[in-house]
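Structure data follow from query-v7.pdb (PDB, C-alpha atoms, pLDDT in the B column):
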ATOM      1  CA  MET A 583       0.000   0.000   0.000  1.00 71.00           C
ATOM      2  CA  GLU A 584       1.382   3.409  -1.053  1.00 85.00           C
ATOM      3  CA  PHE A 585       0.990   6.576   0.998  1.00 95.00           C
ATOM      4  CA  ASN A 586       1.625  10.180  -0.026  1.00 96.00           C
ATOM      5  CA  THR A 587       2.572  11.416   3.439  1.00 98.00           C
ATOM      6  CA  LEU A 588       4.217   8.321   4.945  1.00 98.00           C
ATOM      7  CA  GLU A 589       7.154   6.077   4.173  1.00 98.00           C
ATOM      8  CA  TYR A 590       7.359   2.547   5.532  1.00 97.00           C
ATOM      9  CA  GLN A 591      10.429   0.339   5.734  1.00 97.00           C
ATOM     10  CA  GLU A 592      10.062  -3.258   6.838  1.00 96.00           C
ATOM     11  CA  PHE A 593      12.923  -5.299   8.200  1.00 96.00           C
ATOM     12  CA  GLU A 594      13.102  -8.923   9.270  1.00 94.00           C
ATOM     13  CA  ASP A 595      11.300  -8.500  12.584  1.00 96.00           C
ATOM     14  CA  TYR A 596      10.353  -4.833  12.904  1.00 98.00           C
ATOM     15  CA  GLY A 597       9.099  -1.880  10.889  1.00 98.00           C
ATOM     16  CA  ILE A 598       9.904   1.830  10.720  1.00 98.00           C
ATOM     17  CA  LEU A 599       7.220   4.332   9.749  1.00 98.00           C
ATOM     18  CA  TYR A 600       8.330   7.823   8.739  1.00 98.00           C
ATOM     19  CA  LEU A 601       6.086  10.869   8.751  1.00 98.00           C
ATOM     20  CA  ASN A 602       7.251  12.052   5.351  1.00 98.00           C
ATOM     21  CA  LYS A 603       6.228  15.661   4.762  1.00 97.00           C
ATOM     22  CA  PRO A 604       9.386  17.501   5.875  1.00 97.00           C
ATOM     23  CA  GLU A 605       8.508  20.580   3.814  1.00 96.00           C
ATOM     24  CA  SER A 606       5.513  21.146   6.116  1.00 96.00           C
ATOM     25  CA  LEU A 607       7.355  19.936   9.249  1.00 97.00           C
ATOM     26  CA  ASN A 608       5.251  16.768   9.095  1.00 98.00           C
ATOM     27  CA  ALA A 609       2.116  18.688  10.008  1.00 96.00           C
ATOM     28  CA  LEU A 610      -0.806  16.397  10.727  1.00 96.00           C
ATOM     29  CA  SER A 611      -2.815  17.257   7.612  1.00 96.00           C
ATOM     30  CA  PRO A 612      -6.149  15.637   6.671  1.00 97.00           C
ATOM     31  CA  GLU A 613      -4.249  13.590   4.076  1.00 97.00           C
ATOM     32  CA  MET A 614      -1.740  12.366   6.673  1.00 98.00           C
ATOM     33  CA  ILE A 615      -4.552  11.454   9.068  1.00 98.00           C
ATOM     34  CA  ASP A 616      -6.175   9.428   6.263  1.00 98.00           C
ATOM     35  CA  ASP A 617      -2.855   7.734   5.553  1.00 98.00           C
ATOM     36  CA  LEU A 618      -2.282   6.925   9.230  1.00 98.00           C
ATOM     37  CA  LEU A 619      -5.758   5.423   9.580  1.00 98.00           C
ATOM     38  CA  ASN A 620      -5.233   3.262   6.494  1.00 98.00           C
ATOM     39  CA  PHE A 621      -1.707   2.281   7.508  1.00 98.00           C
ATOM     40  CA  PHE A 622      -2.632   1.168  11.031  1.00 98.00           C
ATOM     41  CA  SER A 623      -5.742  -0.647   9.779  1.00 97.00           C
ATOM     42  CA  GLN A 624      -3.856  -2.912   7.356  1.00 96.00           C
ATOM     43  CA  PRO A 625      -2.647  -6.431   8.265  1.00 95.00           C
ATOM     44  CA  PHE A 626       0.987  -6.808   9.317  1.00 96.00           C
ATOM     45  CA  LYS A 627       3.259  -9.831   8.982  1.00 95.00           C
ATOM     46  CA  GLU A 628       3.324 -12.124  12.019  1.00 94.00           C
ATOM     47  CA  GLN A 629       7.094 -11.759  12.423  1.00 95.00           C
ATOM     48  CA  ILE A 630       6.860  -7.999  13.118  1.00 97.00           C
ATOM     49  CA  ARG A 631       7.800  -7.550  16.784  1.00 97.00           C
ATOM     50  CA  PHE A 632       7.651  -3.743  17.055  1.00 98.00           C
ATOM     51  CA  LEU A 633       7.075  -0.581  15.031  1.00 98.00           C
ATOM     52  CA  LEU A 634       9.040   2.669  15.336  1.00 98.00           C
ATOM     53  CA  ILE A 635       7.665   6.027  14.186  1.00 98.00           C
ATOM     54  CA  PHE A 636      10.091   8.787  13.145  1.00 98.00           C
ATOM     55  CA  GLY A 637       9.657  12.122  11.448  1.00 98.00           C
ATOM     56  CA  LYS A 638      11.618  12.999   8.319  1.00 98.00           C
ATOM     57  CA  GLY A 639      13.491  16.293   8.230  1.00 97.00           C
ATOM     58  CA  LYS A 640      14.190  18.633  11.130  1.00 97.00           C
ATOM     59  CA  CYS A 641      11.485  17.393  13.531  1.00 98.00           C
ATOM     60  CA  PHE A 642       9.065  14.623  14.428  1.00 98.00           C
ATOM     61  CA  GLY A 643       5.982  16.682  13.751  1.00 97.00           C
ATOM     62  CA  ALA A 644       4.488  20.135  13.951  1.00 92.00           C
ATOM     63  CA  GLY A 645       0.861  20.544  14.929  1.00 86.00           C
ATOM     64  CA  GLY A 646      -2.209  20.164  12.795  1.00 88.00           C
ATOM     65  CA  ASP A 647      -2.232  21.645   9.312  1.00 88.00           C
ATOM     66  CA  MET A 648      -3.422  25.180  10.097  1.00 90.00           C
ATOM     67  CA  LYS A 649      -3.793  26.127   6.428  1.00 89.00           C
ATOM     68  CA  ALA A 650      -6.253  23.259   6.045  1.00 93.00           C
ATOM     69  CA  MET A 651      -8.089  24.318   9.206  1.00 93.00           C
ATOM     70  CA  ILE A 652      -8.949  27.718   7.753  1.00 93.00           C
ATOM     71  CA  SER A 653     -11.183  26.083   5.137  1.00 93.00           C
ATOM     72  CA  MET A 654     -12.967  23.697   7.535  1.00 95.00           C
ATOM     73  CA  ASP A 655     -16.478  24.354   8.749  1.00 96.00           C
ATOM     74  CA  GLU A 656     -17.552  23.000  12.134  1.00 97.00           C
ATOM     75  CA  VAL A 657     -18.780  19.681  10.726  1.00 97.00           C
ATOM     76  CA  ALA A 658     -15.572  19.041   8.755  1.00 97.00           C
ATOM     77  CA  ALA A 659     -13.404  19.999  11.729  1.00 96.00           C
ATOM     78  CA  ALA A 660     -15.240  17.572  14.034  1.00 97.00           C
ATOM     79  CA  GLU A 661     -14.933  14.824  11.427  1.00 97.00           C
ATOM     80  CA  ILE A 662     -11.168  15.228  11.017  1.00 97.00           C
ATOM     81  CA  SER A 663     -10.705  15.198  14.788  1.00 97.00           C
ATOM     82  CA  GLN A 664     -12.749  11.999  15.074  1.00 98.00           C
ATOM     83  CA  LYS A 665     -10.751  10.444  12.226  1.00 98.00           C
ATOM     84  CA  ALA A 666      -7.510  11.197  14.106  1.00 97.00           C
ATOM     85  CA  HIS A 667      -8.997   9.478  17.156  1.00 97.00           C
ATOM     86  CA  ARG A 668      -9.829   6.415  15.047  1.00 97.00           C
ATOM     87  CA  ALA A 669      -6.345   6.347  13.517  1.00 98.00           C
ATOM     88  CA  PHE A 670      -4.689   6.382  16.934  1.00 97.00           C
ATOM     89  CA  GLN A 671      -7.117   3.759  18.242  1.00 95.00           C
ATOM     90  CA  SER A 672      -6.239   1.515  15.274  1.00 96.00           C
ATOM     91  CA  MET A 673      -2.588   1.925  16.238  1.00 97.00           C
ATOM     92  CA  ASN A 674      -3.430   0.942  19.818  1.00 94.00           C
ATOM     93  CA  ASN A 675      -5.127  -2.228  18.533  1.00 94.00           C
ATOM     94  CA  LEU A 676      -1.938  -3.560  16.904  1.00 96.00           C
ATOM     95  CA  PRO A 677      -0.593  -6.652  18.722  1.00 95.00           C
ATOM     96  CA  PHE A 678       2.965  -5.297  19.059  1.00 97.00           C
ATOM     97  CA  PRO A 679       4.547  -2.191  20.621  1.00 97.00           C
ATOM     98  CA  VAL A 680       4.447   1.062  18.650  1.00 98.00           C
ATOM     99  CA  ILE A 681       7.123   3.527  19.730  1.00 98.00           C
ATOM    100  CA  ALA A 682       7.332   7.241  18.955  1.00 98.00           C
ATOM    101  CA  CYS A 683      10.929   8.339  18.288  1.00 98.00           C
ATOM    102  CA  VAL A 684      11.078  12.126  18.504  1.00 98.00           C
ATOM    103  CA  HIS A 685      13.872  14.421  17.415  1.00 98.00           C
ATOM    104  CA  GLY A 686      13.723  18.190  17.061  1.00 98.00           C
ATOM    105  CA  PHE A 687      10.256  18.846  18.399  1.00 98.00           C
ATOM    106  CA  ALA A 688       6.734  17.444  18.606  1.00 98.00           C
ATOM    107  CA  VAL A 689       4.082  20.141  18.792  1.00 98.00           C
ATOM    108  CA  GLY A 690       0.291  19.957  18.876  1.00 97.00           C
ATOM    109  CA  GLY A 691      -0.842  17.035  16.703  1.00 97.00           C
ATOM    110  CA  GLY A 692       2.704  15.668  16.524  1.00 98.00           C
ATOM    111  CA  LEU A 693       2.811  15.418  20.309  1.00 98.00           C
ATOM    112  CA  GLU A 694      -0.686  13.903  20.384  1.00 98.00           C
ATOM    113  CA  LEU A 695       0.448  11.158  17.997  1.00 98.00           C
ATOM    114  CA  ALA A 696       3.535  10.484  20.112  1.00 98.00           C
ATOM    115  CA  MET A 697       1.490  10.317  23.329  1.00 98.00           C
ATOM    116  CA  ALA A 698      -0.888   7.823  21.690  1.00 97.00           C
ATOM    117  CA  CYS A 699       1.978   5.357  21.095  1.00 98.00           C
ATOM    118  CA  ASP A 700       2.785   2.559  23.533  1.00 97.00           C
ATOM    119  CA  MET A 701       6.129   4.164  24.377  1.00 98.00           C
ATOM    120  CA  PHE A 702       7.741   7.520  23.666  1.00 98.00           C
ATOM    121  CA  PHE A 703      11.505   7.986  23.184  1.00 98.00           C
ATOM    122  CA  SER A 704      13.253  11.237  22.313  1.00 98.00           C
ATOM    123  CA  THR A 705      16.615  12.874  21.817  1.00 98.00           C
ATOM    124  CA  HIS A 706      17.836  14.851  24.823  1.00 97.00           C
ATOM    125  CA  ASP A 707      17.539  18.158  22.919  1.00 97.00           C
ATOM    126  CA  ALA A 708      13.918  17.663  21.782  1.00 98.00           C
ATOM    127  CA  TRP A 709      11.123  19.911  23.035  1.00 98.00           C
ATOM    128  CA  PHE A 710       7.349  19.755  23.128  1.00 98.00           C
ATOM    129  CA  SER A 711       4.244  21.917  23.454  1.00 98.00           C
ATOM    130  CA  LEU A 712       0.485  21.962  23.017  1.00 98.00           C
ATOM    131  CA  PRO A 713      -0.071  25.567  21.835  1.00 97.00           C
ATOM    132  CA  GLU A 714      -3.644  25.311  20.542  1.00 97.00           C
ATOM    133  CA  LEU A 715      -5.149  27.527  23.261  1.00 97.00           C
ATOM    134  CA  GLN A 716      -2.930  30.373  22.029  1.00 96.00           C
ATOM    135  CA  PHE A 717      -5.121  30.349  18.901  1.00 96.00           C
ATOM    136  CA  GLY A 718      -8.310  30.032  20.937  1.00 97.00           C
ATOM    137  CA  MET A 719      -8.992  26.339  20.344  1.00 97.00           C
ATOM    138  CA  LEU A 720      -8.441  22.913  21.904  1.00 97.00           C
ATOM    139  CA  PRO A 721      -6.169  20.121  20.706  1.00 97.00           C
ATOM    140  CA  GLY A 722      -8.161  17.764  18.482  1.00 96.00           C
ATOM    141  CA  GLY A 723      -6.116  14.561  18.442  1.00 97.00           C
ATOM    142  CA  GLY A 724      -6.792  13.269  21.938  1.00 96.00           C
ATOM    143  CA  GLY A 725      -4.488  15.716  23.722  1.00 96.00           C
ATOM    144  CA  THR A 726      -7.116  16.893  26.217  1.00 97.00           C
ATOM    145  CA  VAL A 727      -7.657  13.251  27.249  1.00 96.00           C
ATOM    146  CA  ARG A 728      -4.206  11.631  27.152  1.00 96.00           C
ATOM    147  CA  PHE A 729      -2.196  14.583  28.457  1.00 97.00           C
ATOM    148  CA  PRO A 730      -4.003  14.924  31.822  1.00 96.00           C
ATOM    149  CA  GLN A 731      -4.028  11.138  32.200  1.00 94.00           C
ATOM    150  CA  LYS A 732      -0.241  11.146  31.874  1.00 95.00           C
ATOM    151  CA  VAL A 733       0.792  14.316  33.747  1.00 97.00           C
ATOM    152  CA  GLY A 734      -2.132  15.061  36.081  1.00 96.00           C
ATOM    153  CA  TYR A 735      -4.816  17.730  35.991  1.00 97.00           C
ATOM    154  CA  GLN A 736      -2.764  20.703  37.196  1.00 98.00           C
ATOM    155  CA  ASN A 737       0.242  20.096  34.936  1.00 98.00           C
ATOM    156  CA  ALA A 738      -2.096  19.546  31.995  1.00 98.00           C
ATOM    157  CA  PHE A 739      -4.061  22.694  32.748  1.00 98.00           C
ATOM    158  CA  TRP A 740      -0.885  24.788  32.939  1.00 98.00           C
ATOM    159  CA  TYR A 741       0.791  23.517  29.774  1.00 98.00           C
ATOM    160  CA  LEU A 742      -2.441  23.576  27.757  1.00 98.00           C
ATOM    161  CA  LEU A 743      -3.395  27.044  29.004  1.00 98.00           C
ATOM    162  CA  SER A 744       0.045  28.609  28.596  1.00 98.00           C
ATOM    163  CA  GLY A 745       1.293  26.673  25.571  1.00 97.00           C
ATOM    164  CA  GLU A 746       4.681  26.699  27.317  1.00 98.00           C
ATOM    165  CA  LYS A 747       7.404  24.554  25.787  1.00 98.00           C
ATOM    166  CA  PHE A 748       8.890  21.773  27.893  1.00 98.00           C
ATOM    167  CA  THR A 749      12.104  19.830  27.458  1.00 98.00           C
ATOM    168  CA  ALA A 750      12.776  16.137  27.036  1.00 98.00           C
ATOM    169  CA  GLU A 751      14.049  16.024  30.611  1.00 98.00           C
ATOM    170  CA  LYS A 752      10.800  17.571  31.870  1.00 98.00           C
ATOM    171  CA  ALA A 753       8.774  15.155  29.731  1.00 98.00           C
ATOM    172  CA  LEU A 754      10.758  12.269  31.216  1.00 98.00           C
ATOM    173  CA  ALA A 755      10.087  13.525  34.752  1.00 98.00           C
ATOM    174  CA  MET A 756       6.349  13.852  34.029  1.00 97.00           C
ATOM    175  CA  GLY A 757       6.162  10.317  32.610  1.00 96.00           C
ATOM    176  CA  ILE A 758       5.451  11.255  28.996  1.00 97.00           C
ATOM    177  CA  VAL A 759       8.854  10.181  27.671  1.00 98.00           C
ATOM    178  CA  GLN A 760      10.236   6.814  28.803  1.00 98.00           C
ATOM    179  CA  LYS A 761      13.820   7.051  27.564  1.00 97.00           C
ATOM    180  CA  ILE A 762      16.155   9.768  26.235  1.00 97.00           C
ATOM    181  CA  PHE A 763      18.935   9.162  23.709  1.00 97.00           C
ATOM    182  CA  ALA A 764      21.764  11.226  22.275  1.00 95.00           C
ATOM    183  CA  PRO A 765      20.968  12.623  18.801  1.00 93.00           C
ATOM    184  CA  GLU A 766      23.941  10.793  17.301  1.00 90.00           C
ATOM    185  CA  LYS A 767      22.877   7.374  15.994  1.00 90.00           C
ATOM    186  CA  PHE A 768      19.428   7.939  17.498  1.00 94.00           C
ATOM    187  CA  SER A 769      17.628   5.355  15.348  1.00 94.00           C
ATOM    188  CA  PHE A 770      20.318   2.683  15.726  1.00 94.00           C
ATOM    189  CA  GLN A 771      20.341   3.051  19.513  1.00 96.00           C
ATOM    190  CA  ILE A 772      16.560   2.688  19.689  1.00 97.00           C
ATOM    191  CA  VAL A 773      16.476  -0.376  17.440  1.00 97.00           C
ATOM    192  CA  ASP A 774      19.221  -2.054  19.483  1.00 96.00           C
ATOM    193  CA  THR A 775      17.542  -1.185  22.793  1.00 96.00           C
ATOM    194  CA  VAL A 776      14.082  -2.427  21.826  1.00 97.00           C
ATOM    195  CA  LYS A 777      15.391  -5.526  20.016  1.00 96.00           C
ATOM    196  CA  ASP A 778      17.442  -6.507  23.042  1.00 96.00           C
ATOM    197  CA  ILE A 779      14.303  -6.415  25.209  1.00 96.00           C
ATOM    198  CA  VAL A 780      11.582  -7.889  22.996  1.00 96.00           C
ATOM    199  CA  SER A 781      13.737 -10.617  21.462  1.00 93.00           C
ATOM    200  CA  LYS A 782      13.875 -12.337  24.877  1.00 95.00           C
ATOM    201  CA  ILE A 783      10.085 -12.379  25.284  1.00 97.00           C
ATOM    202  CA  PRO A 784       7.564 -14.403  23.235  1.00 97.00           C
ATOM    203  CA  SER A 785       5.613 -12.173  20.861  1.00 96.00           C
ATOM    204  CA  GLU A 786       2.337 -13.504  22.252  1.00 96.00           C
ATOM    205  CA  SER A 787       3.382 -12.451  25.761  1.00 97.00           C
ATOM    206  CA  VAL A 788       4.174  -8.925  24.560  1.00 97.00           C
ATOM    207  CA  GLY A 789       0.833  -8.722  22.760  1.00 95.00           C
ATOM    208  CA  ILE A 790      -1.064  -9.910  25.830  1.00 96.00           C
ATOM    209  CA  LEU A 791       0.789  -7.381  28.012  1.00 95.00           C
ATOM    210  CA  LYS A 792      -0.290  -4.594  25.660  1.00 94.00           C
ATOM    211  CA  GLN A 793      -3.864  -5.863  25.641  1.00 92.00           C
ATOM    212  CA  GLN A 794      -3.941  -6.055  29.444  1.00 93.00           C
ATOM    213  CA  LEU A 795      -2.547  -2.551  29.925  1.00 91.00           C
ATOM    214  CA  LYS A 796      -5.006  -1.099  27.419  1.00 87.00           C
ATOM    215  CA  GLU A 797      -7.867  -2.706  29.334  1.00 85.00           C
ATOM    216  CA  VAL A 798      -6.638  -1.161  32.583  1.00 79.00           C
ATOM    217  CA  GLU A 799      -6.116   2.264  30.997  1.00 74.00           C
ATOM    218  CA  THR A 800      -9.024   4.619  31.556  1.00 69.00           C
ATOM    219  CA  TYR A 801     -10.834   4.989  28.231  1.00 72.00           C
ATOM    220  CA  ASN A 802     -13.944   7.096  27.945  1.00 81.00           C
ATOM    221  CA  PRO A 803     -15.104   7.432  24.327  1.00 86.00           C
ATOM    222  CA  THR A 804     -17.356  10.336  25.326  1.00 92.00           C
ATOM    223  CA  SER A 805     -14.267  12.383  26.205  1.00 93.00           C
ATOM    224  CA  TYR A 806     -12.911  11.983  22.663  1.00 95.00           C
ATOM    225  CA  THR A 807     -16.292  12.809  21.115  1.00 96.00           C
ATOM    226  CA  ARG A 808     -16.573  15.943  23.244  1.00 96.00           C
ATOM    227  CA  GLU A 809     -13.021  16.945  22.323  1.00 97.00           C
ATOM    228  CA  ALA A 810     -13.874  16.717  18.603  1.00 97.00           C
ATOM    229  CA  GLN A 811     -17.026  18.797  19.068  1.00 97.00           C
ATOM    230  CA  ARG A 812     -15.319  21.450  21.186  1.00 97.00           C
ATOM    231  CA  PHE A 813     -12.257  21.569  18.922  1.00 97.00           C
ATOM    232  CA  ALA A 814     -14.545  22.205  15.936  1.00 97.00           C
ATOM    233  CA  TYR A 815     -16.628  24.822  17.757  1.00 97.00           C
ATOM    234  CA  LEU A 816     -13.658  26.850  19.015  1.00 97.00           C
ATOM    235  CA  LEU A 817     -11.796  26.554  15.707  1.00 96.00           C
ATOM    236  CA  ASN A 818     -14.678  28.190  13.882  1.00 96.00           C
ATOM    237  CA  LYS A 819     -15.561  30.740  16.547  1.00 96.00           C
ATOM    238  CA  TYR A 820     -12.081  32.020  17.464  1.00 95.00           C
ATOM    239  CA  ALA A 821      -9.115  30.201  15.985  1.00 94.00           C
ATOM    240  CA  LYS A 822      -9.622  30.799  12.262  1.00 92.00           C
ATOM    241  CA  THR A 823      -9.176  34.546  12.708  1.00 94.00           C
ATOM    242  CA  ASN A 824      -6.057  34.007  14.817  1.00 92.00           C
ATOM    243  CA  ILE A 825      -4.620  31.518  12.319  1.00 92.00           C
ATOM    244  CA  GLU A 826      -5.163  33.943   9.437  1.00 91.00           C
ATOM    245  CA  GLN A 827      -3.416  36.668  11.429  1.00 89.00           C
ATOM    246  CA  PHE A 828      -0.556  34.251  12.208  1.00 86.00           C
ATOM    247  CA  PHE A 829       0.084  33.686   8.502  1.00 84.00           C
ATOM    248  CA  LYS A 830      -0.164  37.424   7.739  1.00 81.00           C
ATOM    249  CA  ASN A 831       2.475  38.135  10.376  1.00 86.00           C
ATOM    250  CA  LYS A 832       4.801  35.544   8.812  1.00 77.00           C
ATOM    251  CA  LYS A 833       4.841  37.341   5.436  1.00 71.00           C
TER     252      LYS A 833
END

What is this file in structure tokens?
Amino acid sequence: MEFNTLEYQEFEDYGILYLNKPESLNALSPEMIDDLLNFFSQPFKEQIRFLLIFGKGKCFGAGGDMKAMISMDEVAAAEISQKAHRAFQSMNNLPFPVIACVHGFAVGGGLELAMACDMFFSTHDAWFSLPELQFGMLPGGGGTVRFPQKVGYQNAFWYLLSGEKFTAEKALAMGIVQKIFAPEKFSFQIVDTVKDIVSKIPSESVGILKQQLKEVETYNPTSYTREAQRFAYLLNKYAKTNIEQFFKNKK
């Protein structure tokens, strides 16, 4: 299966998925969300033990595609948010670990994708933020659900309200990031680390562990539905004007 915004490389017992729109900083466009949903919904070979997700270019991923948001009405905005939720849920349903591997930065939708993975690794110089409130809207890719679950209500409220950037070390301390690597040979170090762990454990055992943890994890589908509705409402009421002004200021 071919994808316009993704590149997939399959090795003997693992796969690497690249977000492959470096010219737009791998912004989570409607096309990329479609590609992610289709990619995670396809069958994978039984010998695949884990999947790594990287971003091509200077970063893992910027936020949602703001140029696309300007043209969305409230119905279309809610639909694209719900599609992102379905894409990430399809990823969660895979029987092997999916690991976000972040360099540069992961902002907005890029951070939401990384938080939806089973594990989250980064380079020590990476940084993160959820800046949507600065435009007057909410995150739309599950950020208002997963972020407070991971960091607690007060941390989530502060970083969502302020849009403040936080470092890899801070993300590690808050439990978002599980392991930090040096930028040099980042991908090789991750492959070696994960291979060394999962190769000693039967694939069925790893799959059952993932299934068990997902059952324990608090999942309230209403929260995701409400996020999509509120994202769409605020985008159309406030954020479009702010996004248009943002692009004018960049000229």

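Among the candidates A:Leu619, A:Met583, A:Val680, A:Leu610, the one nearest to Ala650 (chain A) when counting only C-alpha atoms is A:Leu610.
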
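Each of A:Ala669, A:Ala644, A:Leu676, A:Leu712 was compared to Lys796 (chain A) using all atoms listed in the file, and A:Leu676 turns out to be the nearest.
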
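Reported to one decimal place, the separation of CA of Gln736 (chain A) from CA of His685 (chain A) is 26.6 Å.
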
Please list as a PyMOL selection string every residue within 9 Å of Met756 (chain A), counting only C-alpha atoms and excluding residues in the same chain fewer than 2 positions away.
chain A and resi 732-734+737+751-754+758-759

Just give me the residues with any atom within 10 Å of (-4.9, 27.6, 24.1), file coordinates, counting all atoms listed in the file, written as a list in words.
Leu712, Pro713, Glu714, Leu715, Gln716, Phe717, Gly718, Met719, Leu720, Pro721, Phe739, Tyr741, Leu742, Leu743, Ser744, Gly745 and Ala821 of chain A

Which residues would end up in the selection if the PyMOL selection byres ((chain A and resi 621) around 10) were applied here, given that I need the answer as an MDAnalysis selection string?
chainID A and resid 583:585 588 590 599 615:620 622:626 669 672:673

Please write the residues from the selection above to a file, keeping C-alpha atoms, as a short mmCIF file (atom, residue, chain, number, x, y, z; two decimals), keeping the file's coordinate frame.
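Output contents, as saved in part-v1.cif:
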data_model
loop_
_atom_site.label_atom_id
_atom_site.label_comp_id
_atom_site.auth_asym_id
_atom_site.auth_seq_id
_atom_site.Cartn_x
_atom_site.Cartn_y
_atom_site.Cartn_z
CA MET A 583 0.00 0.00 0.00
CA GLU A 584 1.38 3.41 -1.05
CA PHE A 585 0.99 6.58 1.00
CA LEU A 588 4.22 8.32 4.94
CA TYR A 590 7.36 2.55 5.53
CA LEU A 599 7.22 4.33 9.75
CA ILE A 615 -4.55 11.45 9.07
CA ASP A 616 -6.18 9.43 6.26
CA ASP A 617 -2.86 7.73 5.55
CA LEU A 618 -2.28 6.92 9.23
CA LEU A 619 -5.76 5.42 9.58
CA ASN A 620 -5.23 3.26 6.49
CA PHE A 622 -2.63 1.17 11.03
CA SER A 623 -5.74 -0.65 9.78
CA GLN A 624 -3.86 -2.91 7.36
CA PRO A 625 -2.65 -6.43 8.26
CA PHE A 626 0.99 -6.81 9.32
CA ALA A 669 -6.34 6.35 13.52
CA SER A 672 -6.24 1.52 15.27
CA MET A 673 -2.59 1.92 16.24
#

Quick one: pull the distance between CA of Val689 (chain A) and CA of Leu601 (chain A), Å, one decimal.
13.8 Å

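Atom pair CA of Gly637 (chain A) / CA of Glu746 (chain A): separated by 22.1 Å.
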
Restricting to all atoms listed in the file, whichever of A:Ala708, A:Ile783, A:Ile790, A:Ala810 is closest to Gly725 (chain A) is A:Ala810

So that I can see what lies close to Glu799 (chain A), please list as an NGL selection string the residues with an atom at most 12 Å from it, counting all atoms listed in the file and leaving out residues fewer than 4 positions away in the same chain.
:A and (674 or 700 or 727-728 or 731-732 or 792-795)

Grab the residues selected above and save them as a tab-separated table (two decimals), in the coordinates of the input with C-alpha atoms.
chain	number	residue	atom	x	y	z
A	674	ASN	CA	-3.43	0.94	19.82
A	700	ASP	CA	2.78	2.56	23.53
A	727	VAL	CA	-7.66	13.25	27.25
A	728	ARG	CA	-4.21	11.63	27.15
A	731	GLN	CA	-4.03	11.14	32.20
A	732	LYS	CA	-0.24	11.15	31.87
A	792	LYS	CA	-0.29	-4.59	25.66
A	793	GLN	CA	-3.86	-5.86	25.64
A	794	GLN	CA	-3.94	-6.06	29.44
A	795	LEU	CA	-2.55	-2.55	29.92

Proximity to Ile598 (chain A) - best of A:Gly691, A:Pro679, A:Pro803, A:Gly686, only C-alpha atoms:
A:Pro679

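Residue nearest Phe828 (chain A) within the list A:Ile652, A:Cys641, A:Asp595, A:Leu607: A:Ile652 [criterion: smallest interatomic distance, all atoms listed in the file].
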
Explicit residue set for the PyMOL selection byres ((chain A and resi 593) around 12), as a VMD selection string:
chain A and resid 590 to 592 594 to 599 627 629 to 634 773

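Each of A:Phe678, A:Tyr801, A:Phe829, A:Tyr806 was checked against Glu628 (chain A) using all atoms listed in the file; the smallest atom-to-atom distance is that of A:Phe678.
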
Find the residues around Phe636 (chain A) up to 7 Å (all atoms listed in the file counted), leave out those fewer than 3 positions away in its own chain, and share them as a PDB file with C-alpha atoms, in the coordinates of the input.
ATOM      1  CA  LEU A 599       7.220   4.332   9.749  1.00 98.00           C
ATOM      2  CA  TYR A 600       8.330   7.823   8.739  1.00 98.00           C
ATOM      3  CA  LEU A 601       6.086  10.869   8.751  1.00 98.00           C
ATOM      4  CA  PHE A 642       9.065  14.623  14.428  1.00 98.00           C
ATOM      5  CA  ALA A 682       7.332   7.241  18.955  1.00 98.00           C
ATOM      6  CA  CYS A 683      10.929   8.339  18.288  1.00 98.00           C
ATOM      7  CA  VAL A 684      11.078  12.126  18.504  1.00 98.00           C
TER       8      VAL A 684
END

Name every residue that the PyMOL selection byres ((chain A and resi 706) around 9) selects in this structure, writing the answer as a list in words with chains first and numbers rising.
His685, Ser704, Thr705, Asp707, Ala708, Trp709, Thr749, Ala750, Glu751, Ile762, Phe763, Ala764 and Pro765 of chain A
